[in-house]
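So this one's entry.cif, mmCIF, C-alpha atoms and all ligand atoms:
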```cif
data_run
#
loop_
_atom_site.label_atom_id
_atom_site.label_comp_id
_atom_site.auth_asym_id
_atom_site.auth_seq_id
_atom_site.Cartn_x
_atom_site.Cartn_y
_atom_site.Cartn_z
CA MET J 6 126.36 84.19 -57.28
CA LYS J 7 123.63 81.65 -56.49
CA ASP J 8 120.12 83.03 -56.02
CA ILE J 9 118.94 83.10 -52.42
CA ASP J 10 115.40 83.29 -51.16
CA THR J 11 114.77 86.93 -50.23
CA LYS J 12 112.11 87.23 -47.55
CA ILE J 13 110.08 90.45 -47.82
CA ILE J 14 108.27 91.71 -44.73
CA LYS J 15 106.11 94.81 -44.34
CA VAL J 16 106.23 96.89 -41.17
CA ASP J 17 104.58 100.05 -39.91
CA SER J 18 107.44 102.57 -40.11
CA LEU J 19 106.32 104.56 -37.07
CA ARG J 20 105.37 101.65 -34.81
CA PRO J 21 107.17 98.60 -36.19
CA ASP J 22 106.14 95.19 -34.87
CA ILE J 23 109.03 94.23 -32.57
CA LYS J 24 108.61 90.53 -33.39
CA LEU J 25 109.41 91.26 -37.03
CA ILE J 26 112.37 93.50 -36.18
CA ARG J 27 113.68 90.72 -33.94
CA GLU J 28 113.61 88.38 -36.94
CA GLY J 29 115.78 90.85 -38.85
CA ALA J 30 118.12 91.28 -35.88
CA GLU J 31 118.60 87.50 -35.69
CA LEU J 32 119.69 87.48 -39.33
CA ILE J 33 122.13 90.34 -38.69
CA LYS J 34 123.60 88.45 -35.72
CA GLY J 35 123.85 85.33 -37.88
CA GLY J 36 126.02 87.13 -40.44
CA LYS J 37 123.25 87.62 -43.04
CA LEU J 38 122.33 90.66 -45.15
CA ILE J 39 119.07 92.57 -44.76
CA ALA J 40 117.77 95.75 -46.35
CA PHE J 41 115.85 98.17 -44.14
CA PRO J 42 114.48 101.72 -44.32
CA THR J 43 116.29 104.70 -42.79
CA GLU J 44 115.23 108.35 -42.95
CA THR J 45 117.65 108.96 -45.86
CA VAL J 46 117.45 105.94 -48.22
CA TYR J 47 117.13 102.15 -47.76
CA GLY J 48 120.29 100.60 -46.32
CA LEU J 49 121.81 97.16 -46.93
CA GLY J 50 122.86 96.06 -43.45
CA ALA J 51 125.24 93.52 -41.97
CA ASN J 52 126.94 93.08 -38.60
CA GLY J 53 129.66 95.76 -38.78
CA LEU J 54 131.99 93.76 -36.54
CA ASP J 55 131.84 90.60 -38.70
CA PRO J 56 134.27 90.96 -41.64
CA LYS J 57 132.77 87.98 -43.51
CA ALA J 58 129.24 89.40 -43.36
CA VAL J 59 130.56 92.81 -44.44
CA ALA J 60 132.42 91.22 -47.36
CA ASN J 61 129.05 89.92 -48.59
CA ILE J 62 127.70 93.48 -48.78
CA PHE J 63 130.39 94.30 -51.35
CA ILE J 64 129.52 91.14 -53.32
CA ALA J 65 125.73 91.67 -53.25
CA LYS J 66 126.05 95.30 -54.38
CA GLY J 67 128.99 94.80 -56.73
CA ARG J 68 130.65 97.59 -54.75
CA PRO J 69 134.37 98.32 -55.24
CA GLN J 70 136.36 97.09 -52.20
CA ASP J 71 138.13 100.43 -51.72
CA ASN J 72 134.87 102.33 -51.08
CA PRO J 73 134.41 102.32 -47.27
CA LEU J 74 131.11 101.78 -45.44
CA ILE J 75 129.24 103.78 -42.82
CA LEU J 76 128.57 102.17 -39.41
CA HIS J 77 125.12 102.82 -37.93
CA VAL J 78 124.76 103.06 -34.15
CA ASN J 79 121.98 103.83 -31.69
CA SER J 80 123.98 105.59 -28.96
CA ILE J 81 127.00 107.85 -28.48
CA ALA J 82 128.31 105.23 -26.00
CA GLN J 83 128.51 102.80 -28.95
CA VAL J 84 130.67 105.34 -30.84
CA GLU J 85 133.04 105.53 -27.87
CA GLU J 86 133.68 101.78 -28.24
CA LEU J 87 134.75 102.14 -31.88
CA VAL J 88 136.95 105.25 -31.97
CA MET J 89 140.20 106.61 -30.48
CA ASP J 90 138.66 109.83 -29.25
CA ILE J 91 135.75 112.22 -29.75
CA SER J 92 136.50 115.91 -30.26
CA GLU J 93 134.41 118.57 -28.58
CA GLY J 94 133.08 119.70 -31.97
CA SER J 95 132.00 116.17 -32.91
CA ARG J 96 130.26 115.73 -29.59
CA LYS J 97 128.31 118.95 -30.04
CA LEU J 98 127.28 117.91 -33.55
CA MET J 99 126.16 114.46 -32.40
CA GLU J 100 124.15 115.91 -29.56
CA ARG J 101 122.44 118.38 -31.88
CA PHE J 102 121.92 116.39 -35.10
CA TRP J 103 121.67 112.75 -34.00
CA PRO J 104 119.65 110.78 -34.67
CA GLY J 105 119.71 112.26 -38.18
CA PRO J 106 121.32 112.36 -41.64
CA LEU J 107 124.81 113.40 -40.52
CA THR J 108 127.77 111.00 -40.79
CA LEU J 109 130.96 111.89 -38.91
CA LEU J 110 134.50 110.60 -39.43
CA PHE J 111 136.55 109.54 -36.40
CA LYS J 112 139.98 107.92 -35.92
CA LYS J 113 139.06 104.25 -35.64
CA ASN J 114 140.28 101.81 -32.99
CA HIS J 115 141.19 98.11 -33.39
CA LYS J 116 137.58 96.94 -33.00
CA VAL J 117 136.62 98.29 -36.44
CA PRO J 118 137.46 95.73 -39.15
CA ASN J 119 139.66 97.02 -41.98
CA ILE J 120 137.10 95.96 -44.56
CA ILE J 121 134.70 98.63 -43.17
CA THR J 122 137.16 101.47 -43.70
CA ALA J 123 138.88 100.07 -46.81
CA GLY J 124 142.12 100.21 -44.87
CA LEU J 125 141.79 103.91 -43.89
CA ASP J 126 142.48 104.92 -40.27
CA THR J 127 139.16 106.79 -40.06
CA VAL J 128 135.70 105.30 -39.64
CA ALA J 129 132.40 106.92 -40.72
CA ILE J 130 129.54 106.64 -38.20
CA ARG J 131 125.96 107.88 -37.95
CA MET J 132 122.79 107.36 -35.91
CA PRO J 133 119.71 106.95 -38.13
CA ASN J 134 116.46 108.72 -37.29
CA HIS J 135 114.03 105.97 -38.25
CA PRO J 136 112.23 103.67 -35.80
CA VAL J 137 112.93 100.54 -37.90
CA ALA J 138 116.65 101.20 -38.30
CA PHE J 139 117.00 102.32 -34.70
CA LYS J 140 115.26 99.26 -33.23
CA LEU J 141 117.17 96.93 -35.52
CA ILE J 142 120.50 98.26 -34.24
CA GLU J 143 119.27 98.18 -30.65
CA ILE J 144 118.05 94.57 -30.79
CA SER J 145 121.06 93.34 -32.81
CA GLY J 146 123.36 94.88 -30.21
CA VAL J 147 126.04 95.58 -32.83
CA PRO J 148 126.91 98.52 -35.08
CA ILE J 149 125.34 97.86 -38.50
CA ALA J 150 127.33 98.55 -41.66
CA ALA J 151 124.86 99.82 -44.22
CA PRO J 152 125.52 101.41 -47.60
CA SER J 153 122.56 102.26 -49.77
CA ALA J 154 120.66 99.11 -50.80
CA ASN J 155 121.13 99.47 -54.58
CA ARG J 156 123.37 97.71 -57.08
CA SER J 157 126.58 99.73 -57.21
CA GLY J 158 126.30 102.70 -59.60
CA ARG J 159 122.47 102.78 -59.62
CA PRO J 160 120.26 105.47 -58.03
CA SER J 161 119.79 104.95 -54.28
CA PRO J 162 116.55 103.22 -53.22
CA THR J 163 113.87 105.30 -51.54
CA MET J 164 111.19 102.58 -51.65
CA ALA J 165 111.24 98.83 -50.98
CA ASN J 166 110.40 98.21 -54.65
CA HIS J 167 113.69 99.80 -55.70
CA VAL J 168 115.54 97.38 -53.41
CA ILE J 169 113.58 94.42 -54.80
CA GLU J 170 114.49 95.55 -58.34
CA ASP J 171 118.21 95.66 -57.55
CA LEU J 172 118.88 93.03 -54.86
CA SER J 173 116.14 90.40 -54.87
CA GLY J 174 117.80 86.96 -54.86
CA ARG J 175 121.06 88.41 -53.53
CA ILE J 176 120.15 89.18 -49.90
CA ASP J 177 118.24 87.42 -47.10
CA MET J 178 115.53 89.90 -46.17
CA ILE J 179 113.97 93.21 -47.18
CA ILE J 180 112.03 95.13 -44.54
CA ASP J 181 109.45 97.29 -46.32
CA GLY J 182 108.67 100.36 -44.20
CA GLY J 183 107.28 102.51 -47.03
CA PRO J 184 109.00 105.46 -48.71
CA THR J 185 111.96 107.10 -46.95
CA GLY J 186 111.72 110.72 -45.76
CA VAL J 187 114.78 112.71 -46.83
CA GLY J 188 115.35 110.75 -50.04
CA LEU J 189 119.07 111.63 -50.31
CA GLU J 190 121.97 110.13 -48.37
CA SER J 191 123.52 111.60 -45.22
CA THR J 192 125.98 114.47 -45.18
CA VAL J 193 129.49 113.03 -44.68
CA LEU J 194 131.64 115.35 -42.54
CA ASP J 195 135.33 114.80 -41.81
CA MET J 196 135.87 116.24 -38.34
CA THR J 197 139.41 114.76 -38.19
CA SER J 198 140.74 117.27 -40.74
CA GLU J 199 141.76 120.92 -40.23
CA PRO J 200 139.45 122.65 -41.08
CA PRO J 201 136.62 120.09 -40.89
CA ILE J 202 135.39 119.33 -44.40
CA ILE J 203 132.15 118.10 -45.95
CA LEU J 204 133.00 115.13 -48.17
CA ARG J 205 129.44 114.60 -49.36
CA PRO J 206 126.60 117.14 -49.13
CA GLY J 207 123.38 115.51 -47.88
CA GLY J 208 120.45 115.60 -45.50
CA ILE J 209 121.98 118.15 -43.08
CA ILE J 210 122.92 121.39 -44.84
CA LEU J 211 126.08 123.47 -44.33
CA GLU J 212 124.16 126.45 -42.95
CA ASP J 213 122.86 124.28 -40.07
CA LEU J 214 126.30 122.84 -39.30
CA HIS J 215 127.82 126.34 -39.25
CA GLY J 216 125.58 127.24 -36.33
CA LEU J 217 127.68 124.90 -34.16
CA VAL J 218 131.05 124.67 -35.93
CA PRO J 219 131.65 127.77 -38.11
CA GLU J 220 135.02 126.43 -39.39
CA ILE J 221 133.41 123.69 -41.51
CA VAL J 222 134.11 124.03 -45.24
CA GLU J 223 132.70 122.29 -48.29
CA ASP J 224 134.97 120.25 -50.53
CA LEU J 225 134.79 122.17 -53.82
CA ASN J 226 135.20 118.88 -55.64
CA THR J 227 131.97 117.55 -54.23
CA ILE J 228 129.90 120.60 -55.01
CA GLN J 229 131.29 121.39 -58.44
CA TYR J 230 131.70 117.72 -59.18
CA ASP J 231 133.46 117.17 -62.45
CA GLU J 232 134.83 114.01 -63.99
CA ASP J 233 138.54 114.53 -63.39
CA MET J 234 138.41 115.71 -59.79
CA ILE J 235 140.82 114.39 -57.19
CA PRO J 236 138.76 112.46 -54.64
CA LYS J 237 139.10 113.22 -50.92
CA SER J 238 136.65 110.48 -50.07
CA PRO J 239 137.06 107.14 -51.86
CA GLY J 240 133.39 107.03 -52.85
CA GLN J 241 133.68 110.26 -54.83
CA LYS J 242 135.52 108.67 -57.68
CA TYR J 243 132.93 106.09 -58.68
CA ARG J 244 130.08 106.24 -61.14
CA HIS J 245 126.99 106.79 -59.05
CA TYR J 246 123.22 107.27 -59.18
CA ALA J 247 123.20 106.53 -62.90
CA PRO J 248 120.00 105.68 -64.75
CA LYS J 249 119.94 103.14 -67.59
CA ALA J 250 119.02 106.02 -69.88
CA ARG J 251 121.50 108.77 -70.71
CA LEU J 252 120.81 111.70 -68.36
CA ILE J 253 121.59 115.22 -69.56
CA LEU J 254 121.62 117.93 -66.90
CA PHE J 255 120.81 121.56 -67.76
CA ILE J 256 122.16 124.40 -65.63
CA GLY J 257 121.11 128.06 -65.85
CA GLY J 258 118.07 130.35 -65.70
CA VAL J 259 114.69 128.61 -65.55
CA ASP J 260 113.33 130.02 -68.84
CA SER J 261 116.57 129.27 -70.67
CA MET J 262 116.56 125.68 -69.36
CA VAL J 263 112.97 125.14 -70.51
CA GLU J 264 113.79 126.51 -73.95
CA SER J 265 116.96 124.49 -74.33
CA ILE J 266 115.40 121.26 -73.03
CA SER J 267 112.52 121.66 -75.49
CA ARG J 268 114.97 122.05 -78.37
CA TYR J 269 116.98 118.99 -77.32
CA ARG J 270 113.76 117.02 -76.92
CA ASP J 271 112.65 117.84 -80.47
CA SER J 272 116.01 116.92 -81.86
CA TYR J 273 116.21 113.57 -80.01
CA ILE J 274 112.64 112.72 -80.96
CA SER J 275 113.42 113.39 -84.62
CA GLU J 276 116.22 110.80 -84.26
CA GLY J 277 113.59 108.31 -83.06
CA LYS J 278 114.64 108.41 -79.40
CA LYS J 279 112.24 108.12 -76.47
CA VAL J 280 112.70 111.15 -74.19
CA GLY J 281 111.72 111.75 -70.55
CA ILE J 282 111.90 115.14 -68.82
CA MET J 283 112.59 115.82 -65.13
CA ALA J 284 110.84 119.13 -64.52
CA THR J 285 109.43 121.15 -61.61
CA ASP J 286 105.90 122.29 -60.68
CA GLU J 287 106.67 125.72 -62.13
CA THR J 288 107.83 124.47 -65.54
CA MET J 289 105.96 121.23 -66.08
CA ASP J 290 103.20 122.64 -68.31
CA ALA J 291 105.71 124.32 -70.61
CA TYR J 292 106.68 120.91 -72.05
CA GLU J 293 103.97 119.62 -74.32
CA GLU J 294 102.93 116.04 -75.09
CA ASN J 295 105.83 114.30 -73.45
CA ILE J 296 106.89 112.05 -70.64
CA VAL J 297 107.31 114.78 -68.05
CA ILE J 298 107.61 114.26 -64.29
CA SER J 299 107.71 117.09 -61.80
CA MET J 300 110.09 116.54 -58.88
CA GLY J 301 108.29 119.25 -56.88
CA SER J 302 108.25 123.00 -56.52
CA ARG J 303 111.41 125.08 -56.94
CA GLU J 304 110.34 126.83 -53.72
CA ASP J 305 110.72 123.57 -51.78
CA ASN J 306 113.88 121.66 -52.59
CA ARG J 307 113.35 119.22 -49.71
CA THR J 308 110.45 117.78 -51.72
CA ILE J 309 112.63 117.67 -54.82
CA ALA J 310 115.28 115.76 -52.82
CA HIS J 311 112.60 113.35 -51.57
CA ASN J 312 111.40 112.61 -55.13
CA LEU J 313 114.73 112.70 -56.98
CA PHE J 314 115.83 109.05 -57.13
CA ASN J 315 112.30 107.73 -57.61
CA THR J 316 111.85 110.06 -60.59
CA ILE J 317 115.01 108.71 -62.22
CA ARG J 318 113.91 105.10 -61.62
CA THR J 319 110.38 105.79 -62.88
CA LEU J 320 111.71 107.21 -66.16
CA ASP J 321 113.98 104.17 -66.51
CA SER J 322 110.98 101.89 -66.03
CA LYS J 323 109.19 103.72 -68.86
CA GLY J 324 112.07 102.70 -71.08
CA VAL J 325 113.24 106.17 -72.12
CA ASP J 326 116.57 106.48 -73.95
CA ILE J 327 117.29 110.06 -72.88
CA ILE J 328 116.46 111.95 -69.67
CA LEU J 329 116.58 115.75 -69.88
CA CYS J 330 116.77 117.19 -66.36
CA GLU J 331 116.44 120.73 -65.01
CA GLY J 332 119.14 121.87 -62.58
CA MET J 333 118.45 123.48 -59.18
CA GLU J 334 119.89 126.45 -57.36
CA MET J 335 122.96 125.65 -55.27
CA ALA J 336 121.45 126.67 -51.93
CA GLY J 337 120.35 124.58 -48.95
CA MET J 338 119.44 121.07 -50.12
CA GLY J 339 120.05 122.26 -53.69
CA THR J 340 123.77 121.59 -53.19
CA ALA J 341 123.14 117.93 -52.36
CA ILE J 342 120.60 117.56 -55.18
CA MET J 343 123.04 118.99 -57.75
CA ASN J 344 125.85 116.77 -56.43
CA ARG J 345 123.70 113.68 -57.17
CA LEU J 346 122.47 114.98 -60.53
CA LYS J 347 125.94 115.90 -61.77
CA ARG J 348 127.13 112.41 -60.95
CA ALA J 349 124.06 110.82 -62.53
CA ALA J 350 124.85 112.86 -65.67
CA THR J 351 128.49 111.64 -65.79
CA GLY J 352 129.70 114.69 -67.66
CA ASN J 353 126.60 115.32 -69.83
CA ILE J 354 126.04 118.86 -68.58
CA ILE J 355 124.72 121.73 -70.67
CA ARG J 356 125.07 125.27 -69.39
CA VAL J 357 122.49 127.71 -70.70
CA GLY J 358 122.13 131.49 -70.14
CA GLU J 359 120.71 133.09 -67.01
P1 LIG Z 1 127.16 104.96 -49.12
O1 LIG Z 1 127.46 103.89 -48.17
O2 LIG Z 1 126.89 104.47 -50.51
O3 LIG Z 1 126.16 105.93 -48.58
O4 LIG Z 1 128.52 105.78 -49.22
C1 LIG Z 1 129.24 106.13 -48.06
C2 LIG Z 1 130.12 107.29 -48.37
O5 LIG Z 1 130.91 107.62 -47.23
C3 LIG Z 1 131.07 106.99 -49.50
O6 LIG Z 1 131.14 108.10 -50.35
C4 LIG Z 1 132.39 106.74 -48.80
O7 LIG Z 1 133.50 106.98 -49.61
C5 LIG Z 1 132.28 107.68 -47.60
N1 LIG Z 1 133.12 107.21 -46.50
C6 LIG Z 1 132.87 106.18 -45.67
N2 LIG Z 1 133.89 106.00 -44.80
C7 LIG Z 1 134.80 106.94 -45.09
C8 LIG Z 1 136.08 107.27 -44.57
N3 LIG Z 1 136.63 106.59 -43.57
N4 LIG Z 1 136.76 108.29 -45.13
C9 LIG Z 1 136.21 109.00 -46.16
N5 LIG Z 1 135.00 108.75 -46.69
C10 LIG Z 1 134.31 107.72 -46.18
MG MG Z 2 125.43 104.49 -52.09
#
```
Starting from the file, give its structure as structure tokens.
Ligand code: AMP
Ligand code: MG
Amino acid sequence: MKDIDTKIIKVDSLRPDIKLIREGAELIKGGKLIAFPTETVYGLGANGLDPKAVANIFIAKGRPQDNPLILHVNSIAQVEELVMDISEGSRKLMERFWPGPLTLLFKKNHKVPNIITAGLDTVAIRMPNHPVAFKLIEISGVPIAAPSANRSGRPSPTMANHVIEDLSGRIDMIIDGGPTGVGLESTVLDMTSEPPIILRPGGIILEDLHGLVPEIVEDLNTIQYDEDMIPKSPGQKYRHYAPKARLILFIGGVDSMVESISRYRDSYISEGKKVGIMATDETMDAYEENIVISMGSREDNRTIAHNLFNTIRTLDSKGVDIILCEGMEMAGMGTAIMNRLKRAATGNIIRVGE
């Protein structure tokens, strides 16, 4: 792939300069690729109705062709143009949680190119809750296909710098709107199945969805993620979120994790390895003289979610060989955090006592 000139522009994320957004929208309409902030992570956008432009997303990211993309819209009317029908449950969820980090599956109609859905008869759609993303869709006048703006397999970008690291020279523009809010991707919910099923835990938690549609279940594969699971969603089967270093995830009681991580650290250091630790506010001081980063307090897993991918990338940039990471409780956002960490660990999981 030949290097292209990537234009980087800075915008105020709350009150973006419309002239700048218009520049981005022109690129989208012209079939180009631009990265922009959403409330979850940075997205790599293209005109979702232009199969050639969408094909370039797969090339720029190195994304497998059978992993479908999410379309981003700015109105429910725009959804109606892309799908066969909207169930009552889906409508209630859209009205309650949109704009926001909830992606819904619908039966697609002929307007949705096959490359978006990887040949499936369902299409994934969401409405982002970020002024830059929202205005960009509005001014482009088309649904924008936008996976996370990272090289395939790498941690998702939560800052423009992460996008520059991964995609500079491969895309036409990066809109820098500062750090993203949620820090993890959207929840992907299949409302076309009986019962409706969460294919990827994310920014909207199960407990909140249950308030409107109590039948929704979680796909055990996604929450207990292990290497030989049978994927319900194509994206589940790929290596994801992985640092350059080897990440080892510890699961169990807090004191036992600290003790076990300290032992592993000593042993790796004696082998001459450089070790980084992903800790929490409560445990940070228990690890002495080391590269230790706290992701936030165990009492507040939304902050941990917000910091997660940046922590992984920061440790990579320090050139560590091994990352030892504390696990979280599987409640609320903890489920989504552990889904990402288990995948980042690709099987390197150590269970310690309670
Ligand atoms: P990303 O774009 O990297 O945030 O990933 C989007 C996720 O949504 C991937 O895990 C996809 O496999 C999933 N997805 C998108 N469209 C569909 C679909 N039609 N059916 C099932 N999963 C989907
Ligand atoms: Mg992604």
**Item:** Site check for ligand MG 2 (chain Z): residues at most 7 Å away, all atoms listed in the file, as a list of chain:residue names
**Value:**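 Those residues are J:Pro152, J:Ser153, J:Ser161.
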**Item:** Atom pair CA of Ala165 (chain J) / CA of Pro248 (chain J): separation (Å)
**Value:** 17.7 Å
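Excluding Asp171 (chain J) and any residue on its chain fewer than 6 positions from it, the residues at most 8 Å away by all atoms listed in the file are Ala154, Asn155 and Arg156 of chain J.
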**Asked** Residues at most 12 Å from Ser80 (chain J), counting only C-alpha atoms, excluding those fewer than 4 positions away in the same chain, as number ranges by chain?
**Response** J: 76, 84-87, 96, 99-100, 103-104, 130-134, 139-140, 142-143, 146-148
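Nearest to ligand LIG 1 (chain Z) of all the residues J:Ile327, J:Ile23, J:Leu74, J:Ala58 is J:Leu74, based on only C-alpha atoms and all ligand atoms.
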**Request:** Name the residues, by chain letter and number, that sit within 6 Å of ligand LIG 1 (chain Z) using all atoms listed in the file, and give them as a VMD selection string.
**Result:** chain J and resid 72 to 75 122 125 127 to 129 152 to 153 190 238 to 241
**Item:** Using all atoms listed in the file: which of J:Ala247, J:Asn119, J:Glu93, J:Ala30 has the shortest distance to Ala60 (chain J)
**Value:**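 Selected residue with least distance to Ala60 (chain J): J:Asn119.
With all atoms listed in the file as the basis for measurement, J:Ala65 is the residue among J:Leu217, J:Met338, J:Ile180, J:Ala65 that approaches Asp8 (chain J) most closely.
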**Request:** Go ahead and compute the interatomic distance for CA of Thr285 (chain J) and CA of Val193 (chain J), in Å to one decimal.
**Result:**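 Distance between the two atoms: 27.5 Å.
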**Request:** To one decimal in Å, tell me the separation between CA of Leu346 (chain J) and CA of Ala151 (chain J).
**Result:**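 Calculated distance between CA of Leu346 (chain J) and CA of Ala151 (chain J) is 22.4 Å.
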**Request:** Tell me which protein, DNA and RNA residues are within 10 Å of Gly35 (chain J), counting only C-alpha atoms, leaving out same-chain ones fewer than 3 positions away, and put them as a list in words.
**Result:**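 The residues that qualify are Gly29, Ala30, Glu31, Leu32, Leu38, Ala51, Asn52, Asp55, Ala58 and Ser145 of chain J.
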**Prompt:** With all atoms listed in the file as the atoms that count, which of J:Arg318, J:Glu28, J:Val325, J:Thr288 lies nearest to Ser267 (chain J)?
**Reply:** J:Thr288
